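Peer 1: What follows is model_1.csv, made up of CSV, C-alpha atoms:
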chain,number,residue,atom,x,y,z
Q,1,MET,CA,107.2,103.6,86.1
Q,2,MET,CA,108.8,106.1,88.4
Q,3,GLY,CA,110.8,107.7,85.5
Q,4,GLN,CA,107.5,108.1,83.6
Q,5,ALA,CA,106.0,109.8,86.7
Q,6,PHE,CA,108.7,112.5,86.8
Q,7,ARG,CA,109.2,113.1,83.1
Q,8,SER,CA,108.1,116.8,83.2
Q,9,LEU,CA,111.0,117.6,85.5
Q,10,GLY,CA,113.2,117.0,82.5
Q,11,ARG,CA,112.1,120.4,81.2
Q,12,ARG,CA,114.1,123.3,82.6
Q,13,ASN,CA,111.2,125.7,82.9
Q,14,TYR,CA,109.0,123.3,84.7
Q,15,ARG,CA,111.9,122.2,87.0
Q,16,ILE,CA,112.5,125.8,88.1
Q,17,TRP,CA,108.8,126.4,88.6
Q,18,ALA,CA,108.4,123.3,90.6
Q,19,MET,CA,111.2,124.3,93.0
Q,20,GLY,CA,109.6,127.7,93.7
Q,21,ALA,CA,106.2,126.3,94.0
Q,22,LEU,CA,107.3,123.7,96.6
Q,23,VAL,CA,108.6,126.5,98.8
Q,24,SER,CA,105.4,128.4,98.5
Q,25,ASN,CA,103.2,125.3,99.0
Q,26,ILE,CA,104.9,124.6,102.3
Q,27,GLY,CA,104.2,128.2,103.4
Q,28,THR,CA,100.6,128.0,102.2
Q,29,TRP,CA,99.9,124.8,104.3
Q,30,MET,CA,101.6,126.5,107.3
Q,31,GLN,CA,99.1,129.3,107.0
Q,32,MET,CA,96.1,127.1,106.4
Q,33,THR,CA,97.0,124.9,109.4
Q,34,THR,CA,97.7,127.8,111.7
Q,35,GLN,CA,94.5,129.7,110.6
Q,36,ASP,CA,92.3,126.8,111.6
Q,37,TRP,CA,94.2,126.4,114.9
Q,38,LEU,CA,94.1,130.1,115.6
Q,39,VAL,CA,90.3,130.3,115.1
Q,40,LEU,CA,89.5,127.0,117.0
Q,41,THR,CA,91.8,127.5,120.1
Q,42,GLU,CA,92.8,131.1,120.4
Q,43,LEU,CA,89.9,133.2,119.1
Q,44,THR,CA,87.0,130.9,120.0
Q,45,ARG,CA,86.3,128.2,122.5
Q,46,HIS,CA,86.6,125.2,120.1
Q,47,ASP,CA,83.9,126.6,117.8
Q,48,ALA,CA,83.9,124.3,114.7
Q,49,THR,CA,81.3,126.5,113.1
Q,50,ALA,CA,83.7,129.5,113.2
Q,51,VAL,CA,86.3,127.3,111.4
Q,52,GLY,CA,83.7,126.4,108.8
Q,53,ILE,CA,82.8,130.1,108.3
Q,54,VAL,CA,86.4,131.2,107.7
Q,55,THR,CA,86.9,128.3,105.3
Q,56,ALA,CA,83.8,129.3,103.5
Q,57,LEU,CA,84.9,132.9,103.2
Q,58,GLN,CA,88.2,131.9,101.7
Q,59,LEU,CA,86.6,129.6,99.2
Q,60,ALA,CA,83.5,131.6,98.2
Q,61,PRO,CA,85.2,134.1,95.8
Q,62,PRO,CA,85.9,131.6,93.0
Q,63,LEU,CA,82.1,131.1,92.8
Q,64,LEU,CA,81.2,134.8,93.2
Q,65,LEU,CA,83.7,135.8,90.6
Q,66,ILE,CA,83.3,132.9,88.2
Q,67,PHE,CA,82.3,135.0,85.1
Q,68,TRP,CA,85.4,137.2,85.4
Q,69,THR,CA,88.1,134.8,86.4
Q,70,GLY,CA,87.7,132.4,83.5
Q,71,LYS,CA,87.5,135.3,81.0
Q,72,ILE,CA,90.7,136.8,82.3
Q,73,ALA,CA,92.5,133.4,82.3
Q,74,ASP,CA,91.9,133.1,78.6
Q,75,ARG,CA,93.0,136.7,77.8
Q,76,VAL,CA,96.0,137.6,80.0
Q,77,GLU,CA,99.6,136.8,79.5
Q,78,LYS,CA,99.9,134.1,82.2
Q,79,HIS,CA,103.6,134.7,83.2
Q,80,ARG,CA,103.2,138.4,84.0
Q,81,PHE,CA,99.8,138.0,85.6
Q,82,LEU,CA,101.1,135.4,88.1
Q,83,LEU,CA,103.8,137.9,89.2
Q,84,LEU,CA,101.1,140.2,90.3
Q,85,THR,CA,98.8,137.7,92.1
Q,86,GLN,CA,101.7,135.9,93.9
Q,87,ALA,CA,103.0,139.2,95.2
Q,88,ALA,CA,99.5,140.2,96.4
Q,89,LEU,CA,99.0,136.9,98.2
Q,90,GLY,CA,102.4,137.2,99.9
Q,91,THR,CA,101.6,140.8,101.1
Q,92,LEU,CA,98.3,139.7,102.6
Q,93,ALA,CA,99.9,136.8,104.5
Q,94,ILE,CA,102.6,139.1,106.0
Q,95,ALA,CA,100.0,141.7,107.0
Q,96,LEU,CA,97.9,139.1,108.8
Q,97,GLY,CA,101.0,137.7,110.5
Q,98,VAL,CA,101.9,141.2,111.8
Q,99,LEU,CA,98.4,141.6,113.4
Q,100,VAL,CA,98.7,138.2,115.1
Q,101,VAL,CA,102.3,138.8,116.4
Q,102,THR,CA,101.3,142.2,117.8
Q,103,GLY,CA,98.2,140.8,119.5
Q,104,LEU,CA,95.8,143.0,117.6
Q,105,ILE,CA,94.1,140.2,115.7
Q,106,ARG,CA,90.3,139.6,116.0
Q,107,LEU,CA,88.1,136.9,114.5
Q,108,TRP,CA,86.5,139.3,112.0
Q,109,GLU,CA,90.0,140.3,110.8
Q,110,VAL,CA,90.9,136.7,110.1
Q,111,ASP,CA,87.6,136.3,108.2
Q,112,SER,CA,88.4,139.5,106.2
Q,113,PHE,CA,91.9,138.4,105.3
Q,114,ALA,CA,90.6,134.9,104.3
Q,115,PHE,CA,88.0,136.6,102.0
Q,116,LEU,CA,90.6,138.9,100.4
Q,117,SER,CA,93.1,136.0,99.9
Q,118,GLY,CA,90.3,134.0,98.3
Q,119,CYS,CA,89.5,136.9,95.9
Q,120,VAL,CA,93.2,137.0,94.7
Q,121,ALA,CA,93.3,133.2,94.6
Q,122,ALA,CA,90.1,133.1,92.5
Q,123,PHE,CA,92.0,134.9,89.7
Q,124,ASP,CA,95.4,133.2,90.4
Q,125,SER,CA,94.4,129.6,90.4
Q,126,PRO,CA,92.9,129.2,86.8
Q,127,VAL,CA,95.8,131.1,85.3
Q,128,ARG,CA,98.3,129.0,87.3
Q,129,GLN,CA,96.8,125.7,86.3
Q,130,ILE,CA,96.8,126.7,82.6
Q,131,PHE,CA,100.4,128.1,82.9
Q,132,VAL,CA,101.5,124.6,83.8
Q,133,GLY,CA,100.5,123.5,80.3
Q,134,GLU,CA,102.6,126.4,78.9
Q,135,LEU,CA,105.6,125.1,80.7
Q,136,VAL,CA,105.5,121.6,79.2
Q,137,GLY,CA,103.1,121.6,76.3
Q,138,GLU,CA,100.1,119.4,75.5
Q,139,ALA,CA,102.0,116.1,75.5
Q,140,ASP,CA,103.0,116.3,79.2
Q,141,LEU,CA,100.1,118.3,80.5
Q,142,ALA,CA,98.5,115.5,82.5
Q,143,ASN,CA,101.9,114.5,84.0
Q,144,ALA,CA,102.7,118.1,84.9
Q,145,VAL,CA,99.3,118.6,86.6
Q,146,ALA,CA,99.8,115.5,88.6
Q,147,LEU,CA,103.4,116.6,89.6
Q,148,ASN,CA,101.9,119.9,90.7
Q,149,SER,CA,99.7,117.9,93.0
Q,150,VAL,CA,102.8,116.1,94.3
Q,151,SER,CA,104.4,119.5,95.1
Q,152,TYR,CA,101.2,120.9,96.7
Q,153,ASN,CA,100.8,117.9,98.9
Q,154,ALA,CA,104.5,117.7,99.8
Q,155,GLY,CA,103.8,121.1,101.2
Q,156,ARG,CA,100.8,119.7,102.9
Q,157,MET,CA,103.0,117.1,104.6
Q,158,ILE,CA,105.8,119.5,105.6
Q,159,GLY,CA,103.9,122.7,106.2
Q,160,PRO,CA,101.7,121.5,109.1
Q,161,ALA,CA,104.7,120.1,111.0
Q,162,VAL,CA,106.5,123.4,110.6
Q,163,ALA,CA,103.3,125.2,111.6
Q,164,ALA,CA,103.0,123.1,114.7
Q,165,PHE,CA,106.6,124.1,115.7
Q,166,CYS,CA,105.9,127.8,115.0
Q,167,ILE,CA,102.7,127.7,117.1
Q,168,ALA,CA,104.3,125.9,120.0
Q,169,GLU,CA,107.7,127.6,120.0
Q,170,LEU,CA,107.3,131.0,118.3
Q,171,GLY,CA,103.6,131.9,118.2
Q,172,SER,CA,100.9,131.6,115.5
Q,173,GLY,CA,101.8,134.9,113.8
Q,174,TRP,CA,105.2,133.6,112.5
Q,175,SER,CA,103.5,131.0,110.4
Q,176,PHE,CA,101.7,133.7,108.5
Q,177,ILE,CA,104.8,135.8,108.1
Q,178,LEU,CA,106.9,132.9,106.9
Q,179,ASN,CA,104.2,132.0,104.4
Q,180,GLY,CA,104.3,135.6,103.1
Q,181,LEU,CA,108.0,135.3,102.6
Q,182,SER,CA,107.6,131.9,100.8
Q,183,PHE,CA,105.9,133.6,97.9
Q,184,TYR,CA,109.3,135.1,97.0
Q,185,GLY,CA,110.2,131.5,95.9
Q,186,VAL,CA,107.5,131.6,93.2
Q,187,LEU,CA,108.4,135.1,92.2
Q,188,MET,CA,112.1,134.1,91.8
Q,189,SER,CA,111.2,131.1,89.8
Q,190,LEU,CA,108.9,133.1,87.5
Q,191,LEU,CA,111.6,135.6,86.9
Q,192,SER,CA,114.1,132.8,86.1
Q,193,LEU,CA,112.1,131.1,83.3
Q,194,ARG,CA,113.1,131.2,79.7
Q,195,ALA,CA,110.2,133.0,78.0
Q,196,GLN,CA,111.1,131.7,74.6
Q,197,GLU,CA,110.6,128.1,75.7
Q,198,LEU,CA,107.1,128.6,76.9
Q,199,HIS,CA,104.3,126.9,74.9
Q,200,ARG,CA,102.0,129.9,74.9
Q,201,LEU,CA,98.3,129.5,74.2
Q,202,ALA,CA,96.7,132.0,71.9
Q,203,LEU,CA,94.9,134.7,73.8
Q,204,VAL,CA,91.2,135.2,73.3
Q,205,LYS,CA,90.3,138.8,72.3
Q,206,PRO,CA,86.7,139.9,71.8
Q,207,GLU,CA,85.9,141.8,68.7
Q,208,ASN,CA,83.4,144.1,70.2
Q,209,ALA,CA,81.4,144.9,73.4
Q,210,HIS,CA,78.6,142.5,72.5
Q,211,GLN,CA,81.0,139.6,72.2
Q,212,GLU,CA,82.5,140.7,75.6
Q,213,LYS,CA,79.2,140.2,77.3
Q,214,GLN,CA,78.5,136.9,75.4
Q,215,ASP,CA,81.9,135.5,76.5
Q,216,LEU,CA,80.7,135.6,80.1
Q,217,LEU,CA,78.2,132.8,79.5
Q,218,THR,CA,80.1,131.0,76.7
Q,219,GLY,CA,82.0,128.8,79.1
Q,220,VAL,CA,78.9,127.8,81.1
Q,221,ARG,CA,77.1,126.9,77.9
Q,222,TYR,CA,80.0,124.9,76.7
Q,223,VAL,CA,80.3,122.9,79.9
Q,224,TRP,CA,76.5,122.3,80.2
Q,225,LYS,CA,76.3,120.8,76.7
Q,226,ARG,CA,79.1,118.3,77.5
Q,227,ASP,CA,77.6,115.4,79.6
Q,228,ASP,CA,81.1,114.3,80.8
Q,229,LEU,CA,82.1,117.7,82.0
Q,230,ARG,CA,78.8,118.4,83.6
Q,231,THR,CA,78.9,115.1,85.4
Q,232,ILE,CA,82.4,115.8,86.8
Q,233,LEU,CA,81.2,119.2,88.0
Q,234,PHE,CA,78.3,117.6,89.9
Q,235,MET,CA,80.7,115.2,91.5
Q,236,LEU,CA,83.1,118.0,92.4
Q,237,PHE,CA,80.2,119.9,94.0
Q,238,LEU,CA,79.2,117.0,96.2
Q,239,LEU,CA,82.7,116.3,97.4
Q,240,GLY,CA,83.7,119.9,97.7
Q,241,ALA,CA,80.6,120.9,99.7
Q,242,PHE,CA,80.2,117.9,102.0
Q,243,GLY,CA,83.3,115.7,101.7
Q,244,LEU,CA,86.6,117.5,101.5
Q,245,ASN,CA,86.2,119.5,104.7
Q,246,PHE,CA,89.4,118.1,106.3
Q,247,PRO,CA,90.3,121.4,108.1
Q,248,ILE,CA,87.1,120.8,110.1
Q,249,TYR,CA,87.5,117.0,110.5
Q,250,ILE,CA,91.1,117.0,111.5
Q,251,SER,CA,91.0,120.0,113.9
Q,252,THR,CA,87.8,118.8,115.7
Q,253,MET,CA,88.9,115.2,116.0
Q,254,ALA,CA,92.3,116.3,117.3
Q,255,VAL,CA,90.9,118.7,119.9
Q,256,SER,CA,87.5,117.2,120.9
Q,257,VAL,CA,88.0,113.4,120.4
Q,258,PHE,CA,91.7,112.7,120.9
Q,259,HIS,CA,92.6,115.7,123.0
Q,260,VAL,CA,96.1,116.3,121.4
Q,261,GLY,CA,98.0,119.6,121.2
Q,262,ALA,CA,99.5,121.5,118.3
Q,263,HIS,CA,102.1,118.8,117.6
Q,264,GLY,CA,99.5,116.0,117.4
Q,265,TYR,CA,97.3,118.2,115.2
Q,266,GLY,CA,100.3,118.8,112.8
Q,267,ILE,CA,101.0,115.0,112.6
Q,268,LEU,CA,97.4,114.4,111.5
Q,269,ASN,CA,97.7,117.0,108.7
Q,270,SER,CA,101.0,115.4,107.6
Q,271,ALA,CA,99.4,111.9,107.6
Q,272,MET,CA,96.8,113.3,105.2
Q,273,ALA,CA,99.6,114.7,103.1
Q,274,VAL,CA,101.4,111.4,102.9
Q,275,GLY,CA,98.3,109.9,101.3
Q,276,THR,CA,97.8,112.8,98.8
Q,277,ILE,CA,101.4,112.5,97.7
Q,278,ALA,CA,101.0,108.8,97.1
Q,279,GLY,CA,97.8,109.5,95.1
Q,280,ALA,CA,99.6,112.3,93.1
Q,281,LEU,CA,102.5,110.0,92.2
Q,282,PHE,CA,100.0,107.3,91.1
Q,283,ALA,CA,98.2,109.9,88.9
Q,284,ALA,CA,101.5,111.1,87.5
Q,285,SER,CA,102.5,107.6,86.4
Q,286,ARG,CA,99.4,107.2,84.3
Q,287,LYS,CA,99.7,107.9,80.6
Q,288,THR,CA,96.0,108.6,80.2
Q,289,MET,CA,93.3,110.1,82.5
Q,290,GLN,CA,90.2,108.0,82.2
Q,291,PHE,CA,86.7,109.0,83.5
Q,292,SER,CA,86.3,105.5,85.1
Q,293,ALA,CA,89.0,106.5,87.7
Q,294,LEU,CA,86.6,109.1,89.2
Q,295,PRO,CA,83.9,106.8,90.6
Q,296,GLN,CA,86.6,104.5,91.9
Q,297,GLY,CA,88.3,107.4,93.8
Q,298,ALA,CA,84.9,108.5,95.2
Q,299,VAL,CA,84.1,105.1,96.6
Q,300,VAL,CA,87.5,104.7,98.2
Q,301,PHE,CA,87.2,108.2,99.7
Q,302,SER,CA,83.7,107.3,101.1
Q,303,LEU,CA,85.2,104.2,102.7
Q,304,ALA,CA,88.1,106.1,104.2
Q,305,CYS,CA,85.7,108.7,105.8
Q,306,LEU,CA,83.6,105.9,107.2
Q,307,LEU,CA,86.6,104.2,108.8
Q,308,GLY,CA,87.8,107.5,110.1
Q,309,ALA,CA,84.5,108.1,111.8
Q,310,LEU,CA,84.7,104.7,113.4
Q,311,SER,CA,88.4,104.9,114.4
Q,312,PRO,CA,89.0,103.8,118.0
Q,313,GLY,CA,92.2,105.8,118.5
Q,314,TYR,CA,94.5,108.5,117.3
Q,315,TRP,CA,96.9,106.4,115.2
Q,316,ALA,CA,94.0,104.5,113.6
Q,317,PHE,CA,92.5,107.8,112.5
Q,318,ALA,CA,95.8,108.9,111.1
Q,319,VAL,CA,95.9,105.8,108.9
Q,320,THR,CA,92.4,106.5,107.5
Q,321,LEU,CA,93.6,110.0,106.7
Q,322,VAL,CA,96.4,108.5,104.5
Q,323,MET,CA,93.7,106.5,102.7
Q,324,ALA,CA,91.4,109.5,102.3
Q,325,GLY,CA,94.3,111.6,101.0
Q,326,MET,CA,95.2,109.0,98.3
Q,327,ALA,CA,91.6,108.8,97.1
Q,328,SER,CA,90.8,112.5,97.1
Q,329,LEU,CA,94.0,113.4,95.3
Q,330,THR,CA,93.5,110.8,92.6
Q,331,PHE,CA,90.0,112.1,92.1
Q,332,THR,CA,91.0,115.8,91.9
Q,333,ALA,CA,94.1,115.2,89.7
Q,334,VAL,CA,92.2,113.0,87.2
Q,335,SER,CA,89.3,115.4,87.0
Q,336,ASN,CA,91.6,118.4,86.5
Q,337,SER,CA,93.6,116.7,83.7
Q,338,TYR,CA,90.6,115.2,82.0
Q,339,MET,CA,88.7,118.5,81.9
Q,340,GLN,CA,91.7,120.4,80.5
Q,341,LEU,CA,92.6,117.8,77.8
Q,342,ALA,CA,89.0,117.3,76.8
Q,343,THR,CA,88.4,121.0,76.3
Q,344,ASP,CA,89.2,123.2,73.2
Q,345,PRO,CA,92.3,125.3,74.0
Q,346,GLY,CA,90.4,128.5,73.4
Q,347,MET,CA,87.9,127.6,76.1
Q,348,ARG,CA,90.3,126.1,78.6
Q,349,GLY,CA,90.6,129.1,80.8
Q,350,ARG,CA,86.9,129.4,81.3
Q,351,VAL,CA,86.4,125.7,81.8
Q,352,VAL,CA,89.2,125.5,84.4
Q,353,SER,CA,87.8,128.6,86.1
Q,354,ILE,CA,84.3,127.0,86.3
Q,355,ARG,CA,85.9,123.8,87.7
Q,356,PHE,CA,87.8,125.7,90.3
Q,357,ALA,CA,84.7,127.8,91.2
Q,358,VAL,CA,82.4,124.7,91.6
Q,359,PHE,CA,85.1,122.8,93.6
Q,360,ALA,CA,86.2,125.5,95.9
Q,361,GLY,CA,83.1,127.6,95.9
Q,362,SER,CA,80.9,124.7,97.0
Q,363,SER,CA,82.6,124.7,100.3
Q,364,PRO,CA,80.8,127.8,101.6
Q,365,LEU,CA,77.6,125.9,101.2
Q,366,GLY,CA,78.8,122.8,103.0
Q,367,ALA,CA,81.5,123.8,105.4
Q,368,PRO,CA,79.3,125.7,107.9
Q,369,LEU,CA,76.8,122.8,107.9
Q,370,VAL,CA,79.6,120.3,108.5
Q,371,GLY,CA,80.9,122.5,111.3
Q,372,MET,CA,77.5,122.7,112.9
Q,373,VAL,CA,77.2,118.9,112.8
Q,374,ALA,CA,80.6,118.6,114.4
Q,375,ASN,CA,79.5,121.0,117.1
Q,376,CYS,CA,76.1,119.5,117.8
Q,377,LEU,CA,76.6,115.7,117.1
Q,378,GLY,CA,80.4,115.4,117.2
Q,379,PRO,CA,83.2,115.2,114.7
Q,380,ARG,CA,82.5,111.5,113.9
Q,381,TRP,CA,79.1,112.4,112.5
Q,382,ALA,CA,80.7,115.1,110.4
Q,383,LEU,CA,82.9,112.4,108.9
Q,384,GLY,CA,79.8,110.4,108.2
Q,385,ILE,CA,78.5,113.2,106.0
Q,386,GLY,CA,81.8,113.1,104.1
Q,387,SER,CA,81.4,109.4,103.5
Q,388,LEU,CA,77.8,109.9,102.2
Q,389,SER,CA,79.1,112.5,99.8
Q,390,GLY,CA,81.5,110.1,98.3
Q,391,ILE,CA,78.8,107.5,97.7
Q,392,LEU,CA,76.5,110.1,96.1
Q,393,ALA,CA,79.4,111.3,93.8
Q,394,ALA,CA,80.1,107.8,92.7
Q,395,GLY,CA,76.4,107.2,92.0
Q,396,VAL,CA,76.4,110.3,89.7
Q,397,ALA,CA,79.4,109.0,87.7
Q,398,LEU,CA,77.9,105.5,87.4
Q,399,LEU,CA,74.6,106.9,86.1
Q,400,TYR,CA,76.5,108.8,83.4
Q,401,LEU,CA,78.5,105.7,82.4
Q,402,HIS,CA,75.3,103.7,82.3
Q,403,ARG,CA,73.6,106.3,80.0
Q,404,LEU,CA,76.8,106.4,77.8
Q,405,GLN,CA,76.8,102.6,77.4
Q,406,ALA,CA,73.1,102.6,76.7
Q,407,GLY,CA,73.6,105.2,74.0
Q,408,LYS,CA,76.4,103.2,72.3
Q,409,GLU,CA,74.2,100.1,72.3
Q,410,THR,CA,71.3,102.0,70.7
Q,411,CYS,CA,73.6,103.4,68.0
Q,412,SER,CA,75.0,100.0,67.2
Any chance you could put this one into structure tokens?
Peer 2:
Amino acid sequence: MMGQAFRSLGRRNYRIWAMGALVSNIGTWMQMTTQDWLVLTELTRHDATAVGIVTALQLAPPLLLIFWTGKIADRVEKHRFLLLTQAALGTLAIALGVLVVTGLIRLWEVDSFAFLSGCVAAFDSPVRQIFVGELVGEADLANAVALNSVSYNAGRMIGPAVAAFCIAELGSGWSFILNGLSFYGVLMSLLSLRAQELHRLALVKPENAHQEKQDLLTGVRYVWKRDDLRTILFMLFLLGAFGLNFPIYISTMAVSVFHVGAHGYGILNSAMAVGTIAGALFAASRKTMQFSALPQGAVVFSLACLLGALSPGYWAFAVTLVMAGMASLTFTAVSNSYMQLATDPGMRGRVVSIRFAVFAGSSPLGAPLVGMVANCLGPRWALGIGSLSGILAAGVALLYLHRLQAGKETCS
């Protein structure tokens, strides 16, 4: 079982990529953790709405740029493009860190850097997700996607703990600077790959200007005609907007309910990461990614949020975060793999871009609202909204499965 889960690491290119990505993922979670802490405790007086706004600004660009990101993902040479986007993200992180270290940082500057980073990430993420397939080929795509989630969430486990040390011992600015330097790990891994061993997808090239314009809407039409893909997007929207707001949940519960400092905050983020790694390993061990796993993950996620809202103490809440992490990662990994494998290769960039835009871009709609609920009613009520989103997402999936079964019975 475990050997099956790690089979993509048997490929040299993927193994090198994974090592560089892990270093960068640790840095990314350092920055995300520190950014929320900086806004909540240093630039405002425990204002959860401000945390929601900076989160929204960072996640809005994928939705705003949806027509361009998918088109570019299908047309660019992925390897070279990632060199540009990863270098840009590293530069932005270092610049933000310098402002914090020198004491010149203001809230509007954090918001601005969050938006700029989100713009770069909007182009980077679809290309990076498709590039994973070029590293291993179609046969191991689902496994490689799940292992990427393991790497991302290993960073989620380690990064917050390192960030807590930086905040307490060195100052917040050094988390951003170290994150910027971590992007050199990805750049070095990209430069070390064997280009001749890549499983390159054919690039989509429009024949004329009219086709160029039509391509902007082709991906949307393609997804809308597919009941399964459309259902997944509705589920992603519900969970992305109102459920997966853990920067708000964890920071406000840590500060307002349990009254812990930076170290305690870091432990809660790491507890969440333990769950997501377990969920990613479970997804990686699966040979197939079935739609039925999605409503199951949504129900477990809803239960975890409900238990988190009712948690009597700090460590009980940490345990519910492990459970929520497992459920949320299983859901996101299965949805990612399913949508890629169920999509024609020539449309994959646009479909992945739409998925990323809906998932990440839905947060600007929900995060400020969840932040306001945490401010006005308390963090426990905000977690209640997360629980409700999971139930609604599961309901959407079950409705689709019911229609699918009814259609099969009619045909027979």
Peer 1: So that I can see what lies close to segment 240-247 of chain Q, please list as a list in words the residues with an atom at most 7 Å from it, counting only C-alpha atoms and leaving out residues fewer than 3 positions away in the same chain.
Peer 2: Asp36, Leu236, Phe237, Ile250, Ser251, Phe359, Ala360, Ser362, Ser363, Leu365, Gly366, Ala367, Val370, Ile385, Gly386, Ser387, Ser389 and Gly390 of chain Q
Peer 1: Write out as a PyMOL selection string the residues lying within 6 Å of segment 265-280 of chain Q, counting only C-alpha atoms and excluding same-chain residues fewer than 5 positions away.
Peer 2: chain Q and resi 146+149-150+153+156-157+160-161+164+254+318+321-323+325-326+329-330
Peer 1: Quote the spacing between atom CA of Leu59 of chain Q and atom CA of Glu138 of chain Q in Å to one decimal place.
Peer 2: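 About the pair atom CA of Leu59 of chain Q and atom CA of Glu138 of chain Q: they are 29.1 Å apart.
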Peer 1: Given all atoms listed in the file as the basis, pick out the residue of Q:Ser353, Q:Gln296, Q:Ser302, Q:Thr320 nearest to Leu388 of chain Q.
Peer 2: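 Of Q:Ser353, Q:Gln296, Q:Ser302, Q:Thr320, the one nearest Leu388 of chain Q is Q:Ser302, counting all atoms listed in the file.
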Peer 1: Any idea what's packed within 10 Å of Leu64 of chain Q, counting all atoms listed in the file, ignoring anything in its chain fewer than 4 positions away? Could you give it as a VMD selection string?
Peer 2: chain Q and resid 59 to 60 68 to 69 119 122 357 361
Peer 1: Choose the residue, out of Q:Val351, Q:Val54, Q:Leu181, Q:Met30, that has the smallest atom-to-atom separation from Phe67 of chain Q; count only C-alpha atoms.
Peer 2: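 For Phe67 of chain Q, the nearest of the given residues is Q:Val351.
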Peer 1: Using all atoms listed in the file for the distances, tell me which of Q:Glu77, Q:Asp124, Q:Asp344, Q:Asp228 is nearest to His199 of chain Q.
Peer 2: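 Selected residue with least distance to His199 of chain Q: Q:Glu77.
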Peer 1: Hey, which of Q:Asn143, Q:Ser151, Q:Gln340, Q:Ser328 ends up closest to Arg7 of chain Q? Count all atoms listed in the file.
Peer 2: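 The shortest atom-to-atom distance to Arg7 of chain Q comes from Q:Asn143.
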Peer 1: Which residues come within 9 Å of Leu147 of chain Q, counting all atoms listed in the file, excluding same-chain residues fewer than 5 positions away, as a count of residues only?
Peer 2: 11
Peer 1: Quote the spacing between atom CA of Val186 of chain Q and atom CA of Ala154 of chain Q in Å to one decimal place.
Peer 2: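 Pair atom CA of Val186 of chain Q / atom CA of Ala154 of chain Q returns 15.7 Å.
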Peer 1: Any idea what's packed within 12 Å of Leu84 of chain Q, counting all atoms listed in the file, ignoring anything in its chain fewer than 2 positions away? Could you give it as a list of chain:residue names?
Peer 2: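 What passes the distance filter is Q:Val76, Q:Glu77, Q:Lys78, Q:His79, Q:Arg80, Q:Phe81, Q:Leu82, Q:Gln86, Q:Ala87, Q:Ala88, Q:Leu89, Q:Gly90, Q:Thr91, Q:Val120, Q:Ala121, Q:Phe123, Q:Asp124, Q:Val127, Q:Arg128, Q:Phe183, Q:Tyr184, Q:Val186, Q:Leu187, Q:Leu190, Q:Leu191.
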Peer 1: Counting all atoms listed in the file, which of Q:Trp174, Q:Trp37, Q:Thr252, Q:Arg15 gets nearest to Val136 of chain Q?
Peer 2: Q:Arg15
Peer 1: Just to confirm, what's the straight-line distance from atom CA of Ile158 of chain Q to atom CA of Ile26 of chain Q in Å (one decimal)?
Peer 2: 6.1 Å
